[in-house]
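Chemist: Here it is, the structure, as structure tokens.
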Amino acid sequence: MSLLRTERLRKRFGETRAVDDVDFSVNEGEFLSLVGTNGAGKTTLVNLISAFLSPDSGRIFIADRDITYAPVDERIRAGIARSFQLVNLFDDLSVLDNVALAIFAREGKSRRIFRLAERDVAVTQEAIELLGQFGLGGKAEGLAGGLAQGERKLLDVAVAYALRPKLLFLDEPTSGVSTRDKTQIMDTVSSVVRAGGVTAVVVEHDMDVVFKYSDRVVVMHEGRFLADGPPEAIRNNADVAKYLLGTDADA
Amino acid sequence: MSAPPVPSLVRRAAAAAAVLAALLVVPAVAGTYQTQLLTYGLTLAIAALGFNLLLGYTGLLSFGHSAYFGAGAYAVALMMRYLGVSSMELFMLGGIAFSAAIAALFGIVCVRHTRIFFAILTLALSQVLWTLAYKFFWITGGTDGLRVPFSKVTLLGGLIGFPGADAFEKFITYYYYYVLAAFCVCVTLMWLIVHSPFGKTLQAIRDNETRARFLGVRIWRYRWLAFLVSGIFTGLAGSLWVPLNGLTTPDVLYWPQSGKFVFFAVLGGFRNFTGPMVGAVIFNYLEVYAVAVTEYWQLTLGVILIALVTFLPAGIVGAAARLVDRLKRRRGAAS
Amino acid sequence: MRKKKTEPMDIVALQVLNSLSYAAVLFLIAAGLSLIFGVMGIVNMAHGSFYALGAYVTAWSVAAAAAALPPAALFVLLPLGAMAVAVVGLAIEPTLLRRFYRRPEEYQLLVTFGLLLVLEDLIRLVWGGAPLTANRLVDSLGLIQVGELPYPVYNLVMIGVGAAAALALWAFVYRTKFGVLLRATAQDRRMAAALGIDVGRIYSLAFGLGCFMAGLAGAIVVPSQAAVLGMGVEVLVVSFVVVVIGGLGSLEGALVGALIVSALRTVTIQFWEEIELAALYLIAAIVLLIRPTGLFGKKA
């Protein structure tokens with residue numbers, strides 16, 4: 001049984017078919033990269049699955065449960081979480097609070113009014129541990145807005161991960177970051193995610209990153225899947241080379 | 001962006017204790033008029049506390065909080081007039097219940113929308129209430145309003161009453177401590193609320209609604225709850241205010257009253273806990289002395305508001321905190 | 001004394017005309033509000049105060065010029081009153097408002113609210129607390145027979161102005177080059193700037209135009225309804241229902257909303273006057289439940 005499955009998913013923006021009849025399935029435990037040129041439809045696909053957008057037609061299933069029109073909070077409870085390409089954090093709250101909030105939300109404790117948040121030892125400890133795993137342990141007290149760009153990207157992933165999802169979507173986790181930081185970020189992210197047994201779908205532009213870290217690569221082009229397989233197969237795929245690697249500026 | 005300093009809990013508690021000590025001796029040193037004035041200030045501070053849960057912590061700017069303040073005030077007046085109630089405790093319960101009902105109802109309409117529609121709707125709904133108050137004059141006393149004479153008010157379950165000749169001074173003294181106690185309870189409750197998981201979630205919604213939604217938080221539900229709590233605090237303030245004023249008229253529901261709450265928060269600084277309360281107390285004094293000087297108090301307020309928003313967006317307390325921080329850093333660098 | 005039987009249809013016709021003339025006023029205000037919001041993204045909380053300013057300036061100028069000019073000529077003062085308000089708006093936008101466009105919405109709302117406080121009291125300072133009228137304009141046009149009942153011709157003029165304004169605005173926004181620039185800036189400010197459009201000038205003109213419309217609404221209403229203190233916020237509250245129902249940022253929404261709200265108001269006043277405003281907002285709340293951004297509203 002696949003963890004995620006889409007059937008004939010479609011989304012148009014005016015004349016453009018951003019996602020065109022896509023049948024996408026992800027199995028438990030995979031670390032998958034979703035690649036393609038700009039406008040290929042990767043982010044749209046992720047947005048459709050994570051409830052940022054509604055599809056024109058088609059279906060989406062999580063563990064055989066139809067979530068096509070389910071609202072965001074239902075999808076999260078079904079086990080999806082995502083990070084964002086343009087980092088989305090609570091800048092005026094502390095780094096610790098950013099993660100703790102995700103844990104409170106997950107545990108259904110967000111509505112507690114007459115208890116101090118700091119006093120919830122279980123949540124605080126889990127948050128600190130998680131920050132440690134992501135290499136942000138020393139920054140827990142500071143404001144999220146004060147972190148460097150690479151650290152913000154890691155925190156964005158950590159917050160999504162704190163929801164303990166079954167399926168984690170990472171939207172360009174290394175974009176806007178220096179090459180050295182990219183490796184550090186992906187090292188951290190892939191090790192934590194794999195250790196946690198979480199299935200991951202990473203939208204990426206940088207093919208070096210893709211080939212180094214993924215179990216499986218899915219290539220999109222003009223809203224459709226062009227190729228789907230392990231990294232070596234994709235590297236040797238002629239179509240991919242023509243459409244993607246040939247035009248990819250940093251290949 | 002550097003973080004503003006977070007003073008330790010101990011230092012904050014010490015400061016609070018000092019303020020409380022000062023507040024406790026006011027009736028003894030200041031005389032009846034000043035005590036009365038400060039009591040007004042404290043009721044407005046409670047209202048400001050409620051108002052800022054929405055603005056400072058949830059990011060929702062309401063231009064209609066006069067609705068809840070007025071609901072609290074009218075609840076007391078109506079209870080006294082039609083139900084013969086005289087117990088201040090019952091008045092407070094009634095005020096809380098009535099303002100909660102109105103906040104719950106208005107909240108459902110207002111919170112589902114963007115912040116701009118929210119601002120529009122809060123103003124409008126409070127004016128709907130205002131028109132109802134003066135049009136149904138056979139119930140509400142219309143523009144004449146309803147009187148709430150202090151001689152008919154009893155405190156602590158009837159233990160303390162205010163009959164007789166010297167009653168006014170006695171009332172002001174006892175009522176001051178009563179309101180002060182209520183104020184302390186409100187401050188403590190609100191402090192707990194904003195530091196609870198609920199409070200943090202509100203701040204998250206304020207900071208980044210999208211991300212909060214992607215944590216599985218049902219945004220409008222939290223906003224509605226914040227709206228309800230905010231309305232209750234402001235309604236309680238209205239209930240405490242009306243025996244002091246002796247009278248409630250539709251003016252308490254009219255939009256300039258909502259403007260005052262906005263002004264408190266901007267004056268004191270709405271991004272911190274104490275700002276709006278400080279703004280309320282300062283404003284209270286400003287108003288009393290300025291109204292004596294100029295007939296165009298609203299014009300002055302408008303100009304000051306524009307100036308504050310343009311030049312001092314962090315408000316008085318926010319600017320003071322930044323100043324203290326800069327001084328500390330300079331001292332730290334020098335040593 | 002001959003008793004004429006008043007046909008119920010005549011009364012209905014009168015009410016329809018009343019409703020349309022009030023709708024004309026509401027349309028002008030709501031369209032101005034929507035224009036400003038659509039292009040600049042800010043809600044002008046002081047919009048009703050510009051309406052009041054238009055009413056007061058017009059009434060005052062009519063009274064001042066009444067001795068010198070014949071009534072027909074006085075009509076010229078109506079658009080002049082609106083222009084005066086537009087000039088005030090053009091002065092305010094670059095000096096007061098412009099620095100707030102990049103800041104969070106709260107600050108924009110706060111500064112226009114401050115403007116509301118200032119304008120409302122400024123009106124009181126300049127013109128005092130007594131109502132100002134311009135009835136001579138209504139009287140000068142006389143009455144017309146609607147069936148068996150007399151009806152002021154002036155109200156038909158109001159309807160005419162509203163309709164003309166709707167057409168002119170539509171033509172301006174959708175048929176002129178400037179309208180294209182307006183719509184481009186409304187859609188995507190950064191893109192417009194990148195294309196070389198002087199966004200600052202567009203903003204000023206949009207704000208000025210919005211204020212002109214509010215001022216014009218005040219100007220045409222004051223002959224039939226005295227200018228009084230508090231009229232600004234009172235109309236703001238009603239025009240909010242219009243944009244809530246019609247949708248903020250949409251000219252069609254302003255038109256449809258104005259017609260609906262005016263009709264509702266006319267009906268409610270007939271049957272249960274006290275709950276007029278409450279009824280309006282009840283309907284608005286229901287519309288919001290079905291269409292959260294209003295009938296023609298822009299999705300946020």
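The chains in the structure tokens are called A, B, ... from first to last as shown; in each chain the residues are counted from 1, and the ligands are counted from 1 in the order shown.
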Define the interface residues of chain C facing chain B as those within 6 Å, counting only C-alpha atoms, and report them as a ChimeraX atom specification.

Modeler: /C:111,114,117-118,121,237,274,277-278

Chemist: Kindly provide, as a PyMOL selection string, the residues of chain B having any atom no farther than 10 Å from an atom of chain A, counting only C-alpha atoms.

Modeler: chain B and resi 1-4+189-219+221-222+225

Chemist: As a list in words, please: the residues near Thr185 of chain C (cut-off 8 Å, only C-alpha atoms, same-chain neighbours under 6 positions excluded).

Modeler: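 The neighbour list is Val39, Met191, Ala192, Ala193, Val199 and Ile202 of chain C.
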
Chemist: Can you measure atom CA of Ser8 of chain B to atom CA of Val121 of chain A for me? One decimal in Å is fine.

Modeler: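 One can read the atom CA of Ser8 of chain B to atom CA of Val121 of chain A distance as 19.4 Å.
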
Chemist: Pick out the residues sitting within 7 Å of segment 144-151 of chain B, and hand them over as number ranges by chain; count only C-alpha atoms, and ignore anything fewer than 2 positions along from it in its own chain.

Modeler: B: 77, 140-142, 153, 162-163, 242-243, 246-250

Chemist: For the residues selected in the previous step, produce a file with N, CA, C and O atoms as a short mmCIF file (atom, residue, chain, number, x, y, z; two decimals), in the first residue's frame.

Modeler:
data_model
loop_
_atom_site.label_atom_id
_atom_site.label_comp_id
_atom_site.auth_asym_id
_atom_site.auth_seq_id
_atom_site.Cartn_x
_atom_site.Cartn_y
_atom_site.Cartn_z
N ALA B 77 -26.36 48.70 34.60
CA ALA B 77 -27.46 49.65 34.70
C ALA B 77 -28.80 48.96 34.57
O ALA B 77 -29.75 49.25 35.30
N THR B 140 -33.57 51.51 27.38
CA THR B 140 -32.22 51.93 27.72
C THR B 140 -32.13 53.37 28.20
O THR B 140 -31.05 53.85 28.52
N GLY B 141 -33.27 54.05 28.22
CA GLY B 141 -33.20 55.44 28.63
C GLY B 141 -32.73 56.36 27.53
O GLY B 141 -32.53 57.55 27.75
N GLY B 142 -32.51 55.82 26.32
CA GLY B 142 -32.14 56.65 25.17
C GLY B 142 -30.92 57.49 25.45
O GLY B 142 -29.99 57.06 26.12
N VAL B 153 -25.08 50.78 45.41
CA VAL B 153 -24.14 49.68 45.12
C VAL B 153 -23.60 49.13 46.41
O VAL B 153 -23.27 49.87 47.33
N PHE B 162 -23.10 52.18 50.92
CA PHE B 162 -22.73 53.59 50.93
C PHE B 162 -23.91 54.52 51.11
O PHE B 162 -24.22 55.36 50.27
N PRO B 163 -24.59 54.36 52.24
CA PRO B 163 -25.68 55.29 52.51
C PRO B 163 -25.14 56.50 53.24
O PRO B 163 -23.99 56.50 53.69
N VAL B 242 -18.92 51.83 35.44
CA VAL B 242 -20.18 52.55 35.49
C VAL B 242 -20.61 53.03 36.90
O VAL B 242 -21.14 54.13 37.00
N PRO B 243 -20.37 52.30 37.98
CA PRO B 243 -20.73 52.87 39.28
C PRO B 243 -19.92 54.12 39.60
O PRO B 243 -20.38 55.02 40.30
N GLY B 246 -21.52 56.82 37.59
CA GLY B 246 -22.86 57.11 38.05
C GLY B 246 -23.92 57.05 36.96
O GLY B 246 -25.11 57.17 37.23
N LEU B 247 -23.49 56.88 35.75
CA LEU B 247 -24.43 57.01 34.63
C LEU B 247 -23.86 56.29 33.42
O LEU B 247 -22.65 56.29 33.21
N THR B 248 -24.75 55.66 32.64
CA THR B 248 -24.27 55.15 31.35
C THR B 248 -25.19 55.67 30.26
O THR B 248 -26.41 55.63 30.39
N THR B 249 -24.60 56.18 29.21
CA THR B 249 -25.38 56.67 28.07
C THR B 249 -24.88 55.98 26.80
O THR B 249 -23.84 55.33 26.84
N PRO B 250 -25.61 56.15 25.70
CA PRO B 250 -25.13 55.52 24.46
C PRO B 250 -23.74 55.99 24.05
O PRO B 250 -23.07 55.32 23.27
#

Chemist: Fewer than 3 positions away in the same chain doesn't count, so skip those; otherwise give me all residues within 7 Å of Gly229 of chain A, counting only C-alpha atoms, as a PyMOL selection string.

Modeler: chain A and resi 216-218+233-234

Chemist: Compile the contact shell of Leu34 of chain A as a PyMOL selection string: residues with an atom at most 8 Å away, counting only C-alpha atoms, same-chain residues fewer than 5 positions apart removed.

Modeler: chain A and resi 42+201-204+217-220
